[in-house]
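See below for the structure under consideration.
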Amino acid sequence: MHAFDVLGDPIRRRILEQLGRGEAAAGDLTRTIQEEFGISQPGVSQHLKVLRESGFVTVRADGTRRLYATSYERFDEVDAWMDRVRAFWTPHLDALDTEVRRGLSRKDAP
C-alpha cells in the first residue's frame, strides 16, 4: 500500500499521533480511537494491522499485551517524496510571492 494511502485515513493518522508520544499498548490505543471515532475493537485492530503491514508501526509482545511504536523508516520515504515536491514547487511559489508583493507595493504608490 502506498504511504499516502495509509496516511490518508484519519483514524490511522490519529493512531500515529498517539504513538508520537511514545510506545503504547493496543488496548490504550483502541480505547482512545473507540471514544473519538466510535468504531469497534476489530475495526481499530484492522487499522493497526494496516499500519503494521505497511511499516509505519512495529509491535512487540509484553506478556499478554501488544505494544505499538512508530517506525520512522516509512516516514523517511514520505519525507523524501515531499522533498522532491518541495524542490519543484518552492521556486514557483517564491516567484508568485514576489509578484504578489510587487503588486501590493504598486497599489501603495501614488
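Each chain in the C-alpha cells gets a letter, A, B and so on, in the order shown; residues start at 1 in every chain, and ligands are counted from 1 in the order they appear.
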Near-Arg31 in chain A list (12 Å; only C-alpha atoms; drop same-chain fewer than 4 positions) as a compact mmCIF listing (two decimals) with C-alpha atoms, in the first residue's frame:
```
# COMPACT_ATOMS: atom_id res chain seq x y z
CA ILE A 15 -3.12 6.41 15.93
CA GLN A 18 -0.82 8.95 19.74
CA ALA A 24 1.51 2.43 23.60
CA ALA A 25 -0.45 -0.72 24.38
CA ALA A 26 -3.01 -1.86 21.83
CA GLY A 27 -5.73 -1.62 24.48
CA GLU A 35 -14.03 7.09 22.08
CA GLU A 36 -13.07 9.53 19.34
CA PHE A 37 -14.34 7.69 16.25
CA GLY A 38 -16.94 5.28 17.60
CA ILE A 39 -15.58 2.22 15.82
CA SER A 40 -15.38 -1.32 17.14
CA GLN A 41 -12.32 -3.05 18.59
CA PRO A 42 -11.98 -5.21 15.44
CA GLY A 43 -12.09 -2.01 13.39
CA VAL A 44 -9.24 -0.50 15.37
CA SER A 45 -7.32 -3.77 15.09
```
Just asking: which residues within range 8-92 of chain A are helix (DSSP H, G or I) according to DSSP, as a PyMOL selection string?
-> chain A and resi 10-19+26-37+41-53+73-92
Would you mind listing what lies within 12 Å of Val50 in chain A as a PyMOL selection string, with only C-alpha atoms counted and same-chain residues fewer than 3 positions away left out?
-> chain A and resi 1-3+5-7+9+11-13+15-16+43-47+53-58
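Put simply, CA of Leu51 in chain A is 9.3 Å away from CA of Thr70 in chain A.
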